[in-house]
Structure formats: structure tokens, C-alpha cells
>>> print(open('input.txt').read())   # compact mmCIF, C-alpha atoms
# COMPACT_ATOMS: atom_id res chain seq x y z
CA MET S 23 55.58 16.98 -4.69
CA PHE S 24 57.39 18.94 -7.33
CA SER S 25 57.85 22.66 -7.23
CA ASN S 26 57.98 24.81 -10.31
CA ALA S 27 58.15 28.60 -9.99
CA GLY S 28 55.98 28.79 -6.90
CA ARG S 29 53.47 26.21 -8.10
CA VAL S 30 53.12 22.96 -6.26
CA TRP S 31 52.27 19.91 -8.31
CA ILE S 32 51.03 16.66 -6.88
CA ARG S 33 52.53 13.52 -8.22
CA PRO S 34 50.04 11.80 -10.50
CA LEU S 35 50.09 8.54 -8.53
CA ALA S 36 49.53 10.37 -5.24
CA ALA S 37 46.56 12.18 -6.74
CA LEU S 38 45.16 8.91 -8.03
CA ASN S 39 45.60 7.28 -4.62
CA LEU S 40 43.81 10.20 -2.94
CA SER S 41 40.88 10.04 -5.33
CA LEU S 42 40.58 6.26 -4.89
CA THR S 43 40.54 6.70 -1.11
CA LEU S 44 37.79 9.31 -1.38
CA PHE S 45 35.83 7.08 -3.75
CA ARG S 46 36.04 4.14 -1.33
CA TYR S 47 34.85 6.38 1.49
CA MET S 48 31.86 7.49 -0.56
CA LEU S 49 30.90 3.88 -1.31
CA ARG S 50 30.72 2.82 2.33
CA PRO S 51 27.22 1.80 3.33
CA MET S 52 25.27 4.39 5.24
CA LYS S 53 24.29 3.41 8.74
CA ALA S 54 20.57 3.93 9.14
CA THR S 55 19.11 4.41 12.58
CA ILE S 56 15.67 3.41 13.72
CA VAL S 57 14.78 7.05 14.28
CA GLY S 58 15.93 7.93 10.78
CA LEU S 59 13.79 5.21 9.26
CA ILE S 60 10.70 5.86 11.38
CA SER S 61 10.55 9.68 11.48
CA PRO S 62 9.27 10.31 7.92
CA HIS S 63 6.45 7.82 8.42
CA VAL S 64 5.40 9.29 11.77
CA LEU S 65 5.50 12.80 10.29
CA ARG S 66 3.16 11.73 7.46
CA VAL S 67 0.62 10.50 9.99
CA MET S 68 1.04 13.67 12.04
CA ASP S 69 0.28 15.71 8.92
CA LEU S 70 -2.91 13.72 8.38
CA ALA S 71 -3.81 14.17 12.05
CA LYS S 72 -3.42 17.91 11.62
CA GLN S 73 -5.82 17.78 8.68
CA ALA S 74 -8.26 15.77 10.81
CA GLU S 75 -8.03 18.43 13.47
CA ALA S 76 -9.01 21.00 10.83
CA GLY S 77 -12.15 18.97 10.11
CA ALA S 78 -11.14 16.82 7.15
CA ASN S 79 -12.16 13.17 6.91
CA VAL S 80 -8.82 11.38 6.73
CA ASP S 81 -9.82 7.83 7.64
CA TRP S 82 -8.97 6.26 4.26
CA HIS S 83 -5.83 8.32 3.89
CA LEU S 84 -4.74 7.28 7.36
CA ARG S 85 -5.28 3.61 6.59
CA ASP S 86 -3.43 3.94 3.29
CA THR S 87 -0.49 5.73 4.90
CA VAL S 88 -0.17 3.12 7.65
CA ALA S 89 -0.41 0.30 5.09
CA LYS S 90 2.35 1.87 2.97
CA THR S 91 4.50 2.31 6.06
CA ILE S 92 4.03 -1.30 7.06
CA GLY S 93 4.92 -2.33 3.52
CA ASP S 94 8.04 -0.18 3.50
CA LEU S 95 9.28 -1.19 6.93
CA GLY S 96 8.13 -4.79 6.67
CA HIS S 97 10.90 -5.63 4.21
CA GLN S 98 13.69 -4.65 6.58
CA TYR S 99 15.61 -7.31 8.47
CA ASN S 100 14.51 -5.76 11.79
CA ALA S 101 10.92 -5.12 10.75
CA ARG S 102 9.43 -6.06 14.10
CA GLU S 103 11.59 -3.53 15.98
CA LEU S 104 10.92 -0.84 13.40
CA LEU S 105 7.16 -1.34 13.53
CA SER S 106 7.22 -1.39 17.33
CA ALA S 107 9.14 1.88 17.34
CA TYR S 108 6.66 3.31 14.83
CA ILE S 109 3.74 2.38 17.07
CA GLN S 110 5.48 3.81 20.13
CA GLY S 111 6.19 7.03 18.27
CA LEU S 112 2.55 7.41 17.28
CA GLN S 113 1.35 6.67 20.81
CA ALA S 114 3.85 9.12 22.30
CA ALA S 115 2.73 11.85 19.91
CA ALA S 116 -0.91 11.13 20.79
CA ASP S 117 -0.10 11.32 24.50
CA ASP S 118 1.73 14.61 23.98
CA ALA S 119 -1.27 16.07 22.19
CA GLY S 120 -3.40 15.14 25.17
CA ARG S 121 -6.92 16.31 25.70
CA VAL S 122 -6.37 19.75 24.21
CA ARG S 123 -6.12 18.47 20.63
CA LYS S 124 -8.62 15.63 20.77
CA ALA S 125 -9.14 15.09 17.02
CA TYR S 126 -5.37 15.18 16.45
CA ALA S 127 -4.71 12.66 19.24
CA ASP S 128 -7.58 10.43 18.07
CA ALA S 129 -6.13 10.23 14.54
CA LEU S 130 -2.70 9.32 15.91
CA GLN S 131 -4.19 6.67 18.20
CA ALA S 132 -6.20 5.23 15.31
CA ALA S 133 -3.05 4.94 13.21
CA ALA S 134 -1.22 3.28 16.12
CA ALA S 135 -4.11 0.82 16.55
CA ILE S 136 -4.08 -0.07 12.84
CA ALA S 137 -0.31 -0.64 12.91
CA GLU S 138 -0.51 -2.65 16.12
CA ARG S 139 -3.25 -4.87 14.71
CA ASP S 140 -1.15 -5.55 11.62
CA LEU S 141 1.91 -6.27 13.76
CA LYS S 142 -0.08 -8.88 15.72
CA ASN S 143 -1.29 -10.44 12.45
CA ARG S 144 2.33 -10.87 11.34
CA ASP S 145 2.99 -13.31 14.19
>>> encode(input="input.txt", output="C-alpha cells")
Amino acid sequence: MFSNAGRVWIRPLAALNLSLTLFRYMLRPMKATIVGLISPHVLRVMDLAKQAEAGANVDWHLRDTVAKTIGDLGHQYNARELLSAYIQGLQAAADDAGRVRKAYADALQAAAAIAERDLKNRD
């Protein structure tokens, strides 16, 4: 570094090296987790289940959402594990809802059944 009247200057090559290092760090591939990939899809179904609990007919929307999820996750290299985790997440949410929120739990179980049926058809 050079000093000039209280100002500190960075050598141009050092600054270039620092910016290249930061650029390389930004280009590293992001590590996606199963939870990170599954959560948005489960939350969409939970939103539809909440609408079903309010009295809306969400059967077609539920089928469409599950089909889109299967399409999105089906292209991943670990599609079977992702879809299994998706089904387990839906079933766990339905079990948590229990008997108190019957319409909510029924919508989640229906979505899990649709996904499970499609997973078996993939074999």
C-alpha cells in the first residue's frame, strides 16, 4: 500500500486480485438442500388446504399444484428422494392438523395420495 497525506491507496494489482477472488466466490454453485427445494411446494399445498378449510373447492387446483411440483422436482438428479420427502412433508402436516382441522388435513392427505400414486407410476 502507498500512503499519501493520510490517504491509503491500494495497489492496482492487489485490488484486481481481490475483486477476482470475490467474483470467483460469487460464481460458486449454491448448495441446495432437500428442505430448501421441497418447502415452497409444500407451502403451496398448505395454502390450498387452508382455502379448502374455508369452504372453497380446491380439487382441481390441488391436482394442478401437485402435477407442477412433480414436474419441477422430477427433473432433478435425485427426483425420487425429493418426491419422497415431499410426500412425507405433506403427510406430516396432515398428521399435525389432526382431527381438529379435518378439511385441512383431508386436502393435505389427498395431495400426498396424488403424489404417491405418481411416484409409483414412475417405477
>>> residues_around(input="input.txt", residues="segment 79-96 of chain S", least_positions_apart="5", cutoff="7 Å", atoms="all atoms listed in the file", output="list in words")
His63, Val67, Leu70, Ala74, Ala101, Leu104, Leu105, Ala133 and Ala137 of chain S
>>> atom_distance(input="input.txt", atom1="atom CA of Ala119 of chain S", atom2="atom CA of Asn143 of chain S")
28.2 Å
>>> closest_residue(input="input.txt", among="S:Arg139, S:Asp128, S:Arg123, S:Leu112", to="Val64 of chain S", atoms="all atoms listed in the file")
S:Leu112
>>> residues_around(input="input.txt", residues="Ser61 of chain S", least_positions_apart="4", cutoff="9 Å", atoms="all atoms listed in the file", output="number ranges by chain")
S: 56-57, 65-66, 108, 111
>>> closest_residue(input="input.txt", among="S:Ala135, S:Ala129, S:Ala115, S:Leu141", to="Gly77 of chain S", atoms="only C-alpha atoms")
S:Ala129
>>> closest_residue(input="input.txt", among="S:Ala78, S:Val122, S:Ala127, S:Ala134", to="Ile109 of chain S", atoms="only C-alpha atoms")
S:Ala134
>>> atom_distance(input="input.txt", atom1="atom CA of Tyr126 of chain S", atom2="atom CA of Ser106 of chain S")
20.8 Å
>>> closest_residue(input="input.txt", among="S:Ala125, S:Met68, S:Asn100, S:Gln113", to="Glu138 of chain S", atoms="all atoms listed in the file")
S:Gln113
>>> atom_distance(input="input.txt", atom1="atom CA of His97 of chain S", atom2="atom CA of Ile60 of chain S")
13.5 Å
>>> closest_residue(input="input.txt", among="S:Thr55, S:Ile136, S:Ala76, S:Asp117", to="Glu103 of chain S", atoms="all atoms listed in the file")
S:Thr55
>>> axis_aligned_box(input="input.txt", around="segment 56-64 of chain S", padding_each_side="6 Å", output="AutoDock Vina command-line options")
--center_x 10.7 --center_y 6.9 --center_z 11.1 --size_x 22.5 --size_y 18.9 --size_z 18.4
